[in-house]
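K.L.:
This is the structure I have questions about; it appears just below.
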Amino acid sequence: MSLRQLVAPGFASQVQAVLAELDVDPSRLCLEVTETVLAGDVRPVIDVLHALRDPGIHLSIDDFGAGHASLTYLAQFPVDQVKVDQSFVAGLSMDAGSGAIVGGVIAMAHTFDLRVIAEGVETEAQLVALRELGCAAVRGFVLARPLEPADPRDLLNRLSAPGPGPP
């Protein structure tokens with residue numbers, strides 16, 4: 001969601017009305033804001049995020065660490081998860097500083113009972129480092145390349161297909 005959407009009059013009510021019209025459980029929806037939305041005068045943003053979260057909509061901060069947000073935002077905003085920016089993930093195999101930043105974000109997020117997703121995970125080394133840092137969810141090429149619209153069903157079928165039985 002953009003800042004313009006968030007502060008538009010009635011935005012939270014509109015989202016809730018659409019969910020009701022489509023008969024979708026609010027807990028099935030996760031809306032994302034980039035951390036840049038969390039800069040400046042945050043009071044109106046916090047109010048809208050609460051109005052969205054109250055009926056059960058999940059909220060996520062995307063690209064955390066890429067902008068000007070600090071770890072204190074994790075305590076102020078009613079969010080469920082944080083997505084660590086891929087620029088820090090890319091640095092995991094190159095420098096200790098990135099590891100310290102990612103580890104700090106993961107530890108702080110866990111303190112606030114937030115789910116952490118590392119974005120842009122492209123190598124096994126990054127995946128191993130993230131596991132060691134306590135990150136349980138990742139996105140990136142190490143798992144799968146972007147798929148054509150018909151491919152997700154095929155991928156899910158392959159992942160859920162029973163393996164060979166006992167010899």
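We label chains A, B, ... in the order they appear in the structure tokens, count residues from 1 in each chain, and number ligands from 1 in the order shown.
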Any idea what's packed within 8 Å of stretch 88-99 of chain A, counting only C-alpha atoms, ignoring anything in its chain fewer than 3 positions away? Could you give it as a list in words?

P.N.:
Gly65, Val84, Asp85, Val102, Gly103, Ala118, Glu119, Gly120, Val121, Glu122, Ala125, Gln126 and Ala129 of chain A

K.L.:
Give the strand (DSSP E or B) residues of stretch 88-142 of chain A, as assigned by DSSP on the backbone, as a CSV table (one decimal) with C-alpha atoms, in the first residue's frame.

P.N.:
chain,number,residue,atom,x,y,z
A,115,ARG,CA,7.5,-13.2,11.5
A,116,VAL,CA,10.7,-12.5,9.5
A,117,ILE,CA,11.0,-13.1,5.8
A,118,ALA,CA,14.4,-12.7,4.1
A,137,ALA,CA,11.1,-17.9,6.0
A,138,VAL,CA,12.9,-16.9,2.8

K.L.:
Give me, as a ChimeraX atom specification, the residues of chain A that a backbone DSSP run labels alpha helix (DSSP H).

P.N.:
/A:3-7,11-22,43-53,73-76,86-90,96-111,124-132,151-160

K.L.:
Quick one: residues within 10 Å of stretch 46-63 of chain A, only C-alpha atoms, excluding same-chain residues fewer than 4 positions away - as a short mmCIF file (atom, residue, chain, number, x, y, z; two decimals) with C-alpha atoms, in the first residue's frame?

P.N.:
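Once written, out_5.cif looks like this:
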data_model
loop_
_atom_site.label_atom_id
_atom_site.label_comp_id
_atom_site.auth_asym_id
_atom_site.auth_seq_id
_atom_site.Cartn_x
_atom_site.Cartn_y
_atom_site.Cartn_z
CA LEU A 6 -3.29 4.66 3.53
CA VAL A 7 -4.23 8.23 4.27
CA ALA A 8 -7.14 8.37 1.79
CA PRO A 9 -10.41 8.90 3.68
CA GLY A 10 -12.17 5.60 4.33
CA PHE A 11 -9.40 3.34 3.01
CA ALA A 12 -9.67 0.78 5.84
CA SER A 13 -13.46 0.72 5.51
CA VAL A 15 -10.85 -2.77 2.22
CA GLN A 16 -13.19 -4.29 4.79
CA LEU A 19 -13.60 -8.45 1.85
CA ASP A 25 -12.00 -13.97 5.83
CA PRO A 26 -9.86 -10.91 6.70
CA SER A 27 -7.18 -13.19 8.17
CA ARG A 28 -6.55 -14.51 4.63
CA LEU A 29 -5.27 -11.09 3.51
CA CYS A 30 -1.83 -9.65 4.14
CA LEU A 31 -1.21 -6.06 3.08
CA GLU A 32 2.29 -4.67 2.72
CA VAL A 33 3.76 -1.24 3.26
CA THR A 34 7.32 -0.30 2.45
CA GLU A 35 9.25 1.16 5.30
CA THR A 36 9.35 4.53 3.50
CA VAL A 37 5.62 4.83 4.26
CA LEU A 38 6.56 4.75 7.92
CA ASP A 41 4.09 12.01 10.48
CA VAL A 42 3.19 8.44 11.42
CA GLY A 67 15.03 3.19 3.80
CA TYR A 73 9.35 1.16 14.25
CA LEU A 74 8.85 -2.51 14.97
CA GLN A 76 5.31 1.30 17.15
CA PHE A 77 3.50 -0.23 14.20
CA PRO A 78 0.80 -2.92 14.42
CA VAL A 79 2.40 -5.33 11.96
CA ASP A 80 2.74 -9.11 11.82
CA GLN A 81 5.85 -9.55 9.75
CA VAL A 82 8.98 -7.87 8.47
CA LYS A 83 10.63 -8.56 5.14
CA VAL A 84 14.39 -7.98 5.30
CA ASP A 85 15.58 -6.08 2.24
CA GLN A 86 17.51 -8.14 -0.28
CA SER A 87 20.47 -5.72 -0.21
CA PHE A 88 21.35 -7.01 3.27
CA LEU A 114 6.97 -10.82 14.37
CA ARG A 115 7.53 -13.22 11.50
CA VAL A 116 10.67 -12.48 9.48
CA ILE A 117 11.04 -13.13 5.77
CA ALA A 118 14.40 -12.66 4.05
CA GLU A 119 14.03 -11.49 0.46
#

K.L.:
For a quick check of understanding, using only C-alpha atoms, which of A:Val45, A:Ala136, A:Ile101, A:Ala75 has the smallest distance to A:Arg4?

P.N.:
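Going through A:Val45, A:Ala136, A:Ile101, A:Ala75 one by one, the smallest distance to A:Arg4 is for A:Val45.
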
K.L.:
How many Å lie between atom CA of A:Gly134 and atom CA of A:Gly104, rounded to one decimal?

P.N.:
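For atom CA of A:Gly134 relative to atom CA of A:Gly104, the distance reads 10.5 Å.
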
K.L.:
How many Å separate atom CA of A:Val105 from atom CA of A:Val128?

P.N.:
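According to the coordinates, atom CA of A:Val105 and atom CA of A:Val128 are separated by 16.9 Å.
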
K.L.:
How far is it from atom CA of A:Arg43 to atom CA of A:Glu21, in Å with one decimal?

P.N.:
29.2 Å
